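Engineer: My structure file data23.cif, mmCIF, C-alpha atoms, is below:
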data_coords
#
loop_
_atom_site.label_atom_id
_atom_site.label_comp_id
_atom_site.auth_asym_id
_atom_site.auth_seq_id
_atom_site.Cartn_x
_atom_site.Cartn_y
_atom_site.Cartn_z
CA MET A 1 -10.45 6.06 39.80
CA LEU A 2 -12.37 5.93 43.05
CA HIS A 3 -10.79 4.84 46.34
CA ALA A 4 -7.57 3.52 44.79
CA PRO A 5 -4.02 4.30 45.90
CA GLN A 6 -2.14 6.50 43.49
CA SER A 7 0.02 4.58 41.04
CA PRO A 8 3.69 5.60 40.76
CA LEU A 9 2.97 5.83 37.03
CA LEU A 10 0.52 8.68 37.50
CA PRO A 11 2.94 11.47 38.49
CA ALA A 12 5.35 10.31 35.77
CA ALA A 13 2.54 10.41 33.19
CA ARG A 14 1.48 13.90 34.28
CA ALA A 15 5.08 15.08 34.10
CA MET A 16 5.60 13.82 30.55
CA ALA A 17 2.17 14.85 29.19
CA PRO A 18 3.33 18.40 28.24
CA LEU A 19 6.30 16.91 26.34
CA ALA A 20 3.98 14.52 24.48
CA ALA A 21 1.59 17.37 23.66
CA GLU A 22 4.47 19.54 22.44
CA HIS A 23 5.56 16.85 19.97
CA SER A 24 2.07 15.63 18.99
CA ALA A 25 2.03 17.50 15.67
CA ALA A 26 5.46 16.15 14.76
CA ALA A 27 4.35 12.65 15.73
CA GLU A 28 1.39 12.95 13.36
CA GLU A 29 3.60 14.15 10.53
CA ARG A 30 6.26 11.47 11.10
CA ARG A 31 3.65 8.77 11.92
CA ARG A 32 5.63 7.66 14.95
CA LEU A 33 6.47 9.07 18.36
CA HIS A 34 9.22 11.65 18.70
CA PRO A 35 12.35 9.95 20.14
CA ALA A 36 12.22 12.19 23.23
CA VAL A 37 8.63 11.06 23.92
CA ALA A 38 9.53 7.42 23.41
CA GLU A 39 12.43 7.77 25.84
CA ALA A 40 10.21 9.50 28.41
CA LEU A 41 7.60 6.77 28.05
CA ILE A 42 10.19 4.09 28.82
CA ALA A 43 11.68 6.08 31.70
CA ALA A 44 8.21 6.57 33.19
CA GLY A 45 7.84 2.80 33.44
CA PHE A 46 4.95 2.01 31.11
CA PRO A 47 6.51 -0.91 29.17
CA ARG A 48 7.66 -2.62 32.39
CA HIS A 49 4.49 -1.93 34.39
CA PHE A 50 3.27 -5.54 34.28
CA ALA A 51 6.65 -7.19 33.68
CA PRO A 52 7.26 -10.55 35.37
CA ASP A 53 10.50 -11.48 37.13
CA LEU A 54 12.14 -8.05 37.33
CA PRO A 55 14.23 -7.78 40.52
CA ASP A 56 13.11 -5.56 43.39
CA ARG A 57 9.70 -4.73 41.94
CA SER A 58 6.24 -6.23 41.74
CA PRO A 59 3.91 -6.07 38.73
CA GLY A 60 1.59 -3.06 38.70
CA THR A 61 -2.20 -2.83 38.63
CA PHE A 62 -4.73 -2.12 35.90
CA THR A 63 -6.17 0.70 38.01
CA GLY A 64 -2.77 2.37 38.05
CA LEU A 65 -2.27 1.87 34.33
CA VAL A 66 -5.68 3.27 33.36
CA GLU A 67 -5.16 6.38 35.52
CA ALA A 68 -1.72 7.09 34.08
CA VAL A 69 -2.59 6.34 30.47
CA ALA A 70 -5.65 8.61 30.63
CA ALA A 71 -3.55 11.42 32.11
CA LEU A 72 -1.00 11.06 29.31
CA GLY A 73 -3.75 10.90 26.69
CA GLU A 74 -4.93 14.40 27.52
CA GLY A 75 -1.76 15.65 25.87
CA CYS A 76 -1.28 13.07 23.11
CA ALA A 77 -3.48 10.05 22.44
CA SER A 78 -0.81 8.37 20.32
CA ALA A 79 1.73 8.47 23.14
CA ALA A 80 -0.90 7.15 25.56
CA TRP A 81 -1.86 4.34 23.16
CA VAL A 82 1.74 3.18 22.79
CA ALA A 83 2.28 3.44 26.55
CA SER A 84 -0.78 1.30 27.16
CA VAL A 85 -0.25 -1.41 24.55
CA THR A 86 3.43 -1.88 25.36
CA ALA A 87 2.47 -2.36 29.01
CA SER A 88 -0.07 -4.93 27.85
CA ALA A 89 2.46 -6.73 25.66
CA GLY A 90 4.98 -6.86 28.50
CA ARG A 91 2.31 -8.49 30.67
CA LEU A 92 1.87 -11.31 28.16
CA THR A 93 5.49 -12.40 28.50
CA ALA A 94 4.55 -13.96 31.85
CA HIS A 95 3.16 -16.87 29.81
CA LEU A 96 6.49 -17.74 28.20
CA PRO A 97 8.63 -20.54 29.63
CA GLU A 98 11.25 -19.37 32.15
CA GLN A 99 14.13 -19.28 29.66
CA GLY A 100 12.03 -17.28 27.23
CA ARG A 101 11.05 -14.71 29.85
CA ALA A 102 14.68 -14.35 30.88
CA ALA A 103 15.74 -13.77 27.28
CA VAL A 104 13.09 -11.11 26.66
CA TRP A 105 13.83 -9.19 29.89
CA GLU A 106 17.63 -9.65 29.86
CA LYS A 107 18.06 -5.93 29.16
CA GLY A 108 16.13 -5.14 32.35
CA GLU A 109 13.69 -2.32 33.07
CA GLY A 110 14.34 -0.53 29.77
CA THR A 111 12.92 -3.41 27.73
CA VAL A 112 10.04 -2.63 25.37
CA VAL A 113 7.75 -5.35 24.02
CA ALA A 114 5.21 -4.92 21.20
CA ALA A 115 2.60 -7.45 20.12
CA GLY A 116 0.58 -8.67 17.16
CA LEU A 117 -1.85 -11.37 18.26
CA MET A 118 -3.73 -11.75 14.99
CA PRO A 119 -2.38 -15.01 13.48
CA SER A 120 -1.07 -13.46 10.27
CA GLY A 121 1.89 -15.79 9.83
CA THR A 122 2.68 -19.48 9.73
CA ALA A 123 5.10 -21.62 11.71
CA ARG A 124 6.33 -25.19 11.31
CA GLN A 125 8.13 -27.20 13.91
CA VAL A 126 11.83 -27.94 13.44
CA PRO A 127 14.38 -29.45 15.85
CA GLY A 128 14.61 -27.14 18.88
CA GLY A 129 12.01 -24.65 17.79
CA TRP A 130 9.77 -23.21 15.11
CA ARG A 131 10.42 -21.77 11.66
CA VAL A 132 8.21 -18.68 11.43
CA ARG A 133 7.32 -16.37 8.56
CA GLY A 134 4.60 -13.90 7.63
CA GLU A 135 3.41 -10.28 7.84
CA TRP A 136 1.72 -8.67 10.85
CA ALA A 137 0.01 -5.30 10.42
CA TYR A 138 -0.74 -2.59 12.99
CA ILE A 139 2.03 -3.28 15.52
CA SER A 140 1.95 -0.12 17.66
CA GLY A 141 5.27 1.13 19.00
CA VAL A 142 7.31 -1.38 17.01
CA ASP A 143 9.85 1.26 15.95
CA PHE A 144 11.46 1.27 19.39
CA ALA A 145 10.48 -2.20 20.65
CA ASP A 146 13.21 -4.66 21.58
CA TRP A 147 10.93 -7.66 21.15
CA THR A 148 7.66 -8.36 19.36
CA LEU A 149 5.16 -11.09 20.20
CA LEU A 150 3.75 -12.51 16.96
CA ALA A 151 0.94 -15.04 16.52
CA ALA A 152 1.20 -17.64 13.77
CA ARG A 153 -0.82 -20.62 12.62
CA THR A 154 0.74 -24.04 13.25
CA GLU A 155 -0.11 -27.69 12.94
CA GLU A 156 0.58 -29.80 16.03
CA ALA A 157 -0.18 -33.51 16.35
CA GLY A 158 -2.12 -33.28 13.11
CA ARG A 159 -4.39 -30.48 14.36
CA PRO A 160 -4.40 -26.73 13.55
CA ASN A 161 -3.25 -24.44 16.33
CA VAL A 162 -2.03 -20.89 16.94
CA ARG A 163 1.15 -20.10 18.84
CA VAL A 164 2.71 -16.79 19.93
CA PHE A 165 6.43 -16.28 19.33
CA ALA A 166 8.80 -13.76 20.95
CA VAL A 167 10.99 -12.33 18.19
CA PRO A 168 13.90 -9.90 18.78
CA ARG A 169 14.13 -6.70 16.75
CA ALA A 170 17.13 -7.98 14.81
CA ASP A 171 15.13 -10.88 13.36
CA HIS A 172 12.33 -8.96 11.65
CA THR A 173 11.80 -6.06 9.25
CA VAL A 174 9.51 -3.09 9.90
CA VAL A 175 7.62 -1.86 6.82
CA ASP A 176 6.37 1.75 6.89
CA ALA A 177 2.67 1.11 6.24
CA TRP A 178 0.76 3.25 8.79
CA PHE A 179 -1.41 5.74 6.85
CA VAL A 180 -4.64 6.35 8.76
CA ILE A 181 -7.03 9.12 9.80
CA GLY A 182 -6.22 9.09 13.53
CA MET A 183 -3.70 7.77 16.06
CA ARG A 184 -1.10 8.62 13.44
CA GLY A 185 1.73 8.97 15.93
CA THR A 186 1.48 5.39 17.18
CA GLY A 187 3.77 4.09 14.44
CA SER A 188 1.60 0.99 14.04
CA HIS A 189 3.61 -0.34 11.13
CA THR A 190 3.86 -3.82 9.61
CA VAL A 191 6.32 -6.47 10.81
CA VAL A 192 7.69 -8.91 8.26
CA LEU A 193 9.51 -12.20 8.78
CA ASP A 194 10.47 -13.36 5.30
CA ASP A 195 13.57 -15.48 5.91
CA ASP A 196 11.97 -18.34 7.84
CA VAL A 197 13.25 -17.17 11.23
CA VAL A 198 13.75 -20.00 13.74
CA VAL A 199 12.32 -19.23 17.18
CA PRO A 200 13.43 -21.54 20.02
CA ASP A 201 10.79 -23.54 21.87
CA GLU A 202 11.34 -21.52 25.05
CA ARG A 203 10.24 -18.34 23.28
CA SER A 204 6.89 -19.77 22.25
CA VAL A 205 3.52 -20.32 23.93
CA PRO A 206 0.10 -21.43 22.62
CA LEU A 207 -2.26 -18.50 22.11
CA ALA A 208 -4.90 -20.46 24.01
CA ALA A 209 -2.74 -20.26 27.15
CA ILE A 210 -2.60 -16.46 26.86
CA LEU A 211 -6.35 -16.28 26.33
CA ARG A 212 -6.97 -18.39 29.47
CA GLY A 213 -4.55 -16.36 31.56
CA ARG A 214 -3.22 -18.91 34.04
CA PRO A 215 0.58 -19.02 33.71
CA ALA A 216 2.22 -21.61 35.93
CA ALA A 217 5.06 -19.38 37.14
CA ALA A 218 3.21 -16.10 37.85
CA ASP A 219 0.69 -15.42 40.60
CA ALA A 220 0.06 -11.65 40.36
CA PRO A 221 -3.60 -10.83 39.57
CA CYS A 222 -2.55 -8.98 36.41
CA HIS A 223 -1.04 -12.19 35.04
CA ARG A 224 -3.69 -14.66 36.18
CA MET A 225 -6.70 -13.37 34.25
CA PRO A 226 -8.35 -14.08 30.89
CA LEU A 227 -6.99 -11.83 28.16
CA LYS A 228 -10.42 -10.36 27.41
CA ALA A 229 -10.91 -9.29 31.03
CA GLY A 230 -8.30 -6.53 30.71
CA ASN A 231 -7.54 -6.09 27.03
CA GLY A 232 -10.29 -3.51 26.51
CA LEU A 233 -8.95 -1.39 29.35
CA THR A 234 -5.61 -0.93 27.62
CA LEU A 235 -7.44 0.21 24.46
CA THR A 236 -10.03 2.48 26.09
CA ALA A 237 -7.86 4.35 28.60
CA PRO A 238 -6.03 6.39 25.90
CA LEU A 239 -9.41 7.36 24.43
CA LEU A 240 -10.66 8.62 27.80
CA GLY A 241 -7.59 10.83 28.04
CA ALA A 242 -8.03 12.15 24.50
CA ALA A 243 -11.69 12.93 25.17
CA ARG A 244 -10.70 14.85 28.30
CA GLY A 245 -8.17 16.75 26.21
CA ALA A 246 -10.89 17.50 23.65
CA LEU A 247 -13.19 18.88 26.34
CA GLY A 248 -10.42 21.06 27.74
CA ARG A 249 -9.67 22.50 24.31
CA TRP A 250 -13.38 22.95 23.59
CA ARG A 251 -13.69 25.11 26.70
CA GLU A 252 -10.80 27.26 25.50
CA LEU A 253 -12.36 27.69 22.05
CA THR A 254 -15.91 28.40 23.19
CA GLY A 255 -15.48 29.94 26.63
CA ALA A 256 -14.75 33.53 25.67
CA LYS A 257 -17.68 33.68 23.26
CA LEU A 258 -20.27 31.76 25.23
CA ALA A 259 -19.46 32.13 28.93
CA ALA A 260 -21.96 34.95 29.34
CA PRO A 261 -25.42 33.98 30.67
CA GLY A 262 -27.66 32.88 27.85
CA GLY A 263 -24.78 31.88 25.61
CA ALA A 264 -25.91 29.12 23.28
CA ILE A 265 -24.52 26.73 20.71
CA SER A 266 -26.23 24.60 18.11
CA ASP A 267 -26.34 20.95 19.10
CA GLY A 268 -29.15 19.15 17.37
CA PRO A 269 -32.60 20.56 16.57
CA GLY A 270 -32.38 23.67 18.74
CA PRO A 271 -29.99 25.86 20.73
CA VAL A 272 -28.41 24.34 23.83
CA PRO A 273 -26.89 26.59 26.50
CA TYR A 274 -23.13 26.38 26.87
CA GLU A 275 -23.47 25.27 30.47
CA GLN A 276 -25.64 22.30 29.48
CA ALA A 277 -23.31 21.20 26.69
CA PHE A 278 -20.31 21.33 29.04
CA SER A 279 -22.08 19.54 31.88
CA ARG A 280 -23.32 16.74 29.63
CA ALA A 281 -19.90 16.13 28.09
CA GLU A 282 -18.11 16.14 31.44
CA GLY A 283 -20.79 13.91 32.96
CA GLU A 284 -20.38 11.39 30.14
CA LEU A 285 -16.62 11.31 30.74
CA ASP A 286 -17.18 10.80 34.45
CA ALA A 287 -19.51 7.89 33.67
CA VAL A 288 -16.87 6.30 31.44
CA GLU A 289 -14.29 6.71 34.19
CA LEU A 290 -16.59 4.89 36.60
CA LEU A 291 -17.11 2.03 34.13
CA LEU A 292 -13.38 1.63 33.55
CA GLY A 293 -12.69 1.94 37.27
CA ARG A 294 -14.99 -0.97 38.02
CA ALA A 295 -13.49 -3.08 35.25
CA ALA A 296 -9.96 -2.36 36.47
CA GLY A 297 -10.95 -3.18 40.05
CA VAL A 298 -12.28 -6.56 38.97
CA VAL A 299 -9.00 -7.67 37.39
CA ASP A 300 -6.88 -6.17 40.18
CA ARG A 301 -8.87 -8.15 42.73
CA GLY A 302 -8.14 -11.47 41.00
CA GLY A 303 -10.31 -14.52 40.53
CA VAL A 304 -12.12 -13.06 37.52
CA THR A 305 -15.17 -15.06 36.48
CA SER A 306 -16.33 -15.67 32.91
CA VAL A 307 -19.30 -13.35 33.42
CA GLU A 308 -17.04 -10.59 34.78
CA THR A 309 -14.70 -11.08 31.82
CA ALA A 310 -17.59 -10.62 29.40
CA ARG A 311 -18.93 -7.65 31.37
CA ASN A 312 -15.53 -5.95 31.30
CA ALA A 313 -15.38 -6.39 27.52
CA ARG A 314 -18.93 -5.05 27.21
CA ASP A 315 -18.18 -2.04 29.41
CA CYS A 316 -15.02 -1.14 27.49
CA ALA A 317 -16.87 -1.34 24.17
CA LEU A 318 -19.68 0.79 25.59
CA ALA A 319 -17.14 3.28 26.96
CA ALA A 320 -15.45 3.62 23.58
CA GLU A 321 -18.82 4.21 21.94
CA ARG A 322 -19.74 6.91 24.47
CA LEU A 323 -16.37 8.63 24.13
CA ALA A 324 -16.74 8.82 20.35
CA THR A 325 -20.20 10.34 20.79
CA VAL A 326 -18.86 12.96 23.23
CA VAL A 327 -16.06 14.14 20.95
CA ASP A 328 -18.42 14.19 17.96
CA GLY A 329 -20.60 16.65 19.85
CA LEU A 330 -17.64 18.75 20.94
CA LEU A 331 -16.33 19.12 17.40
CA ARG A 332 -19.78 20.01 16.03
CA THR A 333 -20.36 22.73 18.58
CA ALA A 334 -16.93 24.36 18.68
CA GLY A 335 -17.21 26.28 15.43
CA THR A 336 -15.22 26.28 12.19
CA ARG A 337 -11.97 27.16 13.92
CA ALA A 338 -11.97 23.76 15.65
CA GLN A 339 -11.75 22.01 12.29
CA SER A 340 -8.49 23.62 11.27
CA GLU A 341 -5.75 21.10 10.39
CA ALA A 342 -3.56 22.61 13.09
CA GLU A 343 -6.26 22.50 15.78
CA ALA A 344 -5.86 20.11 18.71
CA LEU A 345 -9.61 19.52 19.08
CA GLN A 346 -9.99 17.92 15.67
CA ARG A 347 -6.90 15.81 16.35
CA HIS A 348 -8.47 14.52 19.56
CA TRP A 349 -11.69 13.84 17.62
CA ARG A 350 -9.84 11.83 14.96
CA ASP A 351 -7.84 9.91 17.55
CA VAL A 352 -10.88 8.89 19.61
CA ASN A 353 -12.87 7.79 16.59
CA CYS A 354 -9.92 5.86 15.18
CA GLY A 355 -9.23 4.11 18.49
CA ALA A 356 -12.91 3.33 19.05
CA GLY A 357 -12.90 1.45 15.74
CA HIS A 358 -10.41 -1.12 17.05
CA SER A 359 -11.60 -4.72 16.66
CA GLY A 360 -11.23 -5.23 20.41
CA LEU A 361 -13.80 -2.48 21.15
CA GLN A 362 -16.67 -3.49 18.88
CA TRP A 363 -20.02 -3.28 20.64
CA ALA A 364 -22.02 -6.02 18.89
CA PRO A 365 -19.81 -9.03 19.71
CA ALA A 366 -19.10 -7.79 23.24
CA ALA A 367 -22.78 -7.22 23.97
CA SER A 368 -23.81 -10.60 22.56
CA ALA A 369 -21.13 -12.49 24.50
CA TYR A 370 -22.16 -10.84 27.75
CA ALA A 371 -25.86 -11.45 27.19
CA ARG A 372 -25.27 -15.16 26.57
CA LEU A 373 -23.11 -15.61 29.67
CA ALA A 374 -25.39 -13.52 31.86
CA GLY A 375 -28.31 -15.79 30.95
CA ALA A 376 -30.30 -13.17 29.09
CA VAL A 377 -30.38 -15.26 25.93
CA GLY A 378 -31.73 -18.76 25.40
CA ARG A 379 -33.99 -19.01 28.45
#
The structure given in the file should be rewritten as structure tokens.
Structural biologist:
Amino acid sequence: MLHAPQSPLLPAARAMAPLAAEHSAAAEERRRLHPAVAEALIAAGFPRHFAPDLPDRSPGTFTGLVEAVAALGEGCASAAWVASVTASAGRLTAHLPEQGRAAVWEKGEGTVVAAGLMPSGTARQVPGGWRVRGEWAYISGVDFADWTLLAARTEEAGRPNVRVFAVPRADHTVVDAWFVIGMRGTGSHTVVLDDDVVVPDERSVPLAAILRGRPAAADAPCHRMPLKAGNGLTLTAPLLGAARGALGRWRELTGAKLAAPGGAISDGPGPVPYEQAFSRAEGELDAVELLLGRAAGVVDRGGVTSVETARNARDCALAAERLATVVDGLLRTAGTRAQSEAEALQRHWRDVNCGAGHSGLQWAPAASAYARLAGAVGR
């Protein structure tokens, strides 16, 4: 990102990227990260990047996270996705009451938090807490998470509500249910609470408080921001890295054949010189980096407005759309070899398209929300 100090995460991400790339095929086959990659991810500091209340360290920035996640994604998008979403989940614990935060982070810097904020369960109030049950799908990184934040529907004072509950690994079951076309190594399995687990009051917070982003006991910019102002960044950064990895592999596959002057590839209705195809793809990736850099700078600055929140969500959705278009073109123009099951380029292509389909990166709702807040609609 432009004019930003280097995050301590960045060199750690670059150092572990070859390890993640080495185990990417095994991660796809096992549908979860290799244990060595998971350990490296924790040691690098991703899950604790935004953690509140850890001694002798301050929460990190979104600029630093995006840089590091993108660097890691060049080697393995699944590792980058888990790194990013566990950092995001750790950030959300700032909204828990003090006792709840202390319980979650009791283990210290090695703590890993996962999250499922779709209200797929139910909870009813009992003395001292909440009795929670349900099933939550697509919880990335849950295999090695110590805690999982789970949203459930409640009824409070006679009105429906949604609360988020911090649940330790020992209190829930993980069901192997992650069978998808891309991002296979993320281990985004299903969490089940089927024994009416009781969660103490201090490990619970209304979802509305997380969405607003103004916790009483945290003043870092990364904690005091609406959820939608930064959520798209954590989802798009791994895709930027994977698209960069796709471009790098594309150059390896096509360079020897097409580097000579006049070399051409088919990309649409007529031949397009290799140099033009490369320049367009790299330029698109640079444009996405600029979009994400601005969005990250907004949340790192603090004081995010509603219009900036909507613009960030719009820009992340647009970035995901552009990244999918770039990798589509790279796969089409790289030849049959690129579509081999063992080929990294087609893996990057699948990962970017899978990630771009996330509900948090859909263009239509993001564009409409921004247009309304920016005053472009209803004048």
Engineer: Please write the residues picked by the PyMOL selection byres ((chain A and resi 289) around 12) on this file as number ranges by chain.
Structural biologist: A: 1-2, 63, 66-67, 70-71, 233, 236-241, 243-244, 282-288, 290-297, 315-316, 318-320, 322-323
Engineer: Could you tell me which of A:Leu207, A:Ala218, A:Ala79, A:Ala12 comes closest to His34 (chain A) if we count all atoms listed in the file?
Structural biologist: A:Ala79
Engineer: Counting all atoms listed in the file, I want the residues whose atoms come within 12 Å of (-14.0, -0.8, 17.7) in the file frame, returned as a PyMOL selection string.
Structural biologist: chain A and resi 232+235-236+239+313-314+316-324+352-366
Engineer: Extract, using only C-alpha atoms, all DNA, RNA and protein residues at most 12 Å from region 17-23 of chain A, discarding same-chain residues fewer than 2 positions from it, and format them as a VMD selection string.
Structural biologist: chain A and resid 9 to 15 25 to 41 44 68 to 83 185 to 186 241 to 242 245 344 347 to 348
Engineer: Could you check how far CA of Thr234 (chain A) sits from CA of Ala338 (chain A), in Å to one decimal?
Structural biologist: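 Spanning CA of Thr234 (chain A) to CA of Ala338 (chain A) is a straight-line distance of 28.2 Å.
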Engineer: Can you give me, as a tab-separated table (two decimals) with C-alpha atoms, in the frame of the given file, the residues this file yields under the PyMOL selection byres ((chain A and resi 46) around 8)?
Structural biologist:
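Printed below is part09.tsv as written:
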chain	number	residue	atom	x	y	z
A	9	LEU	CA	2.97	5.83	37.03
A	41	LEU	CA	7.60	6.77	28.05
A	42	ILE	CA	10.19	4.09	28.82
A	43	ALA	CA	11.68	6.08	31.70
A	44	ALA	CA	8.21	6.57	33.19
A	45	GLY	CA	7.84	2.80	33.44
A	47	PRO	CA	6.51	-0.91	29.17
A	48	ARG	CA	7.66	-2.62	32.39
A	49	HIS	CA	4.49	-1.93	34.39
A	65	LEU	CA	-2.27	1.87	34.33
A	83	ALA	CA	2.28	3.44	26.55
A	84	SER	CA	-0.78	1.30	27.16
A	86	THR	CA	3.43	-1.88	25.36
A	87	ALA	CA	2.47	-2.36	29.01
Engineer: Hey, what comes out of the PyMOL selection byres ((chain A and resi 214) around 10) on this file? Could you write it as a list in words?
Structural biologist: Ala94, His95, Ala209, Ile210, Leu211, Arg212, Gly213, Pro215, Ala216, Ala217, Ala218, Asp219, Pro221, His223, Arg224, Met225, Pro226 and Leu227 of chain A
Engineer: Go ahead and write the selection's residues with C-alpha atoms as a short mmCIF file (atom, residue, chain, number, x, y, z; two decimals), in the coordinates of the input.
Structural biologist:
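Resulting contents of again28.cif:
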data_model
loop_
_atom_site.label_atom_id
_atom_site.label_comp_id
_atom_site.auth_asym_id
_atom_site.auth_seq_id
_atom_site.Cartn_x
_atom_site.Cartn_y
_atom_site.Cartn_z
CA ALA A 94 4.55 -13.96 31.85
CA HIS A 95 3.16 -16.87 29.81
CA ALA A 209 -2.74 -20.26 27.15
CA ILE A 210 -2.60 -16.46 26.86
CA LEU A 211 -6.35 -16.28 26.33
CA ARG A 212 -6.97 -18.39 29.47
CA GLY A 213 -4.55 -16.36 31.56
CA PRO A 215 0.58 -19.02 33.71
CA ALA A 216 2.22 -21.61 35.93
CA ALA A 217 5.06 -19.38 37.14
CA ALA A 218 3.21 -16.10 37.85
CA ASP A 219 0.69 -15.42 40.60
CA PRO A 221 -3.60 -10.83 39.57
CA HIS A 223 -1.04 -12.19 35.04
CA ARG A 224 -3.69 -14.66 36.18
CA MET A 225 -6.70 -13.37 34.25
CA PRO A 226 -8.35 -14.08 30.89
CA LEU A 227 -6.99 -11.83 28.16
#
Engineer: Using only C-alpha atoms, determine which residues lie at most 7 Å from region 198-202 of chain A, disregarding the query and same-chain residues fewer than 5 positions distant; provide the list as a list of chain:residue names.
Structural biologist: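 Those residues are A:Leu96, A:Pro97, A:Gln99, A:Gly100, A:Gly128, A:Gly129, A:Trp130, A:Arg131, A:Val132, A:Phe165.
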Engineer: Just give me the gap between CA of Trp250 (chain A) and CA of Leu345 (chain A) in Å, one decimal is fine.
Structural biologist: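 CA of Trp250 (chain A) sits 6.8 Å away from CA of Leu345 (chain A).
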Engineer: Which residue is closest to Tyr274 (chain A)? Choose from A:Thr173, A:Asn312, A:Gln339, A:Thr333 and count all atoms listed in the file.
Structural biologist: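 Closest candidate: A:Thr333.
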Engineer: Measuring between only C-alpha atoms, which one of A:Arg251, A:Glu156, A:Arg350, A:Gly108 shows the shortest distance to Arg57 (chain A)?
Structural biologist: A:Gly108
Engineer: What is the CA of Val174 (chain A) to CA of Val142 (chain A) distance in Å?
Structural biologist: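 Between CA of Val174 (chain A) and CA of Val142 (chain A) the gap works out to 7.6 Å.
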Engineer: At a cut-off of 9 Å, using only C-alpha atoms, what residues contact Ala310 (chain A)? Leave out same-chain residues fewer than 5 positions from it and give the result as a compact mmCIF listing (two decimals) with C-alpha atoms, in the frame of the given file.
Structural biologist:
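To be explicit, this is the file written out as part.txt:
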# COMPACT_ATOMS: atom_id res chain seq x y z
CA LYS A 228 -10.42 -10.36 27.41
CA ALA A 229 -10.91 -9.29 31.03
CA THR A 305 -15.17 -15.06 36.48
CA ASP A 315 -18.18 -2.04 29.41
CA ALA A 366 -19.10 -7.79 23.24
CA ALA A 367 -22.78 -7.22 23.97
CA ALA A 369 -21.13 -12.49 24.50
CA TYR A 370 -22.16 -10.84 27.75
CA ALA A 371 -25.86 -11.45 27.19
CA LEU A 373 -23.11 -15.61 29.67
CA ALA A 374 -25.39 -13.52 31.86
Engineer: Restricting the calculation to all atoms listed in the file, which member of A:Arg203, A:Asp143, A:Arg337, A:Ala151 is positioned closest to Val175 (chain A)?
Structural biologist: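 Comparing A:Arg203, A:Asp143, A:Arg337, A:Ala151 against Val175 (chain A), the winner is A:Asp143.
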Engineer: Counting only C-alpha atoms, which of A:Val299, A:Arg133, A:Leu247, A:Leu253 gets nearest to Asp328 (chain A)?
Structural biologist: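 Nearest to Asp328 (chain A): A:Leu247.
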Engineer: Between A:Ala157, A:Ala170, A:Asp300, A:Asp196, which residue has the minimum interatomic distance to Gly60 (chain A), considering all atoms listed in the file?
Structural biologist: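 Once distances to Gly60 (chain A) are computed over all atoms listed in the file, the minimum belongs to A:Asp300.
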Engineer: Please identify all polymer residues within 8 Å of region 152-155 of chain A, counting all atoms listed in the file, omitting same-chain residues fewer than 2 positions from it, and present them as a PyMOL selection string.
Structural biologist: chain A and resi 118-124+132+134+150+157-165
Engineer: Excluding same-chain residues fewer than 6 positions from Val113 (chain A), what lies within 6 Å of it counting only C-alpha atoms, as a CSV table (one decimal) with C-alpha atoms, keeping the file's coordinate frame?
Structural biologist:
chain,number,residue,atom,x,y,z
A,86,THR,CA,3.4,-1.9,25.4
A,89,ALA,CA,2.5,-6.7,25.7
A,90,GLY,CA,5.0,-6.9,28.5
A,145,ALA,CA,10.5,-2.2,20.6
A,147,TRP,CA,10.9,-7.7,21.2
A,148,THR,CA,7.7,-8.4,19.4
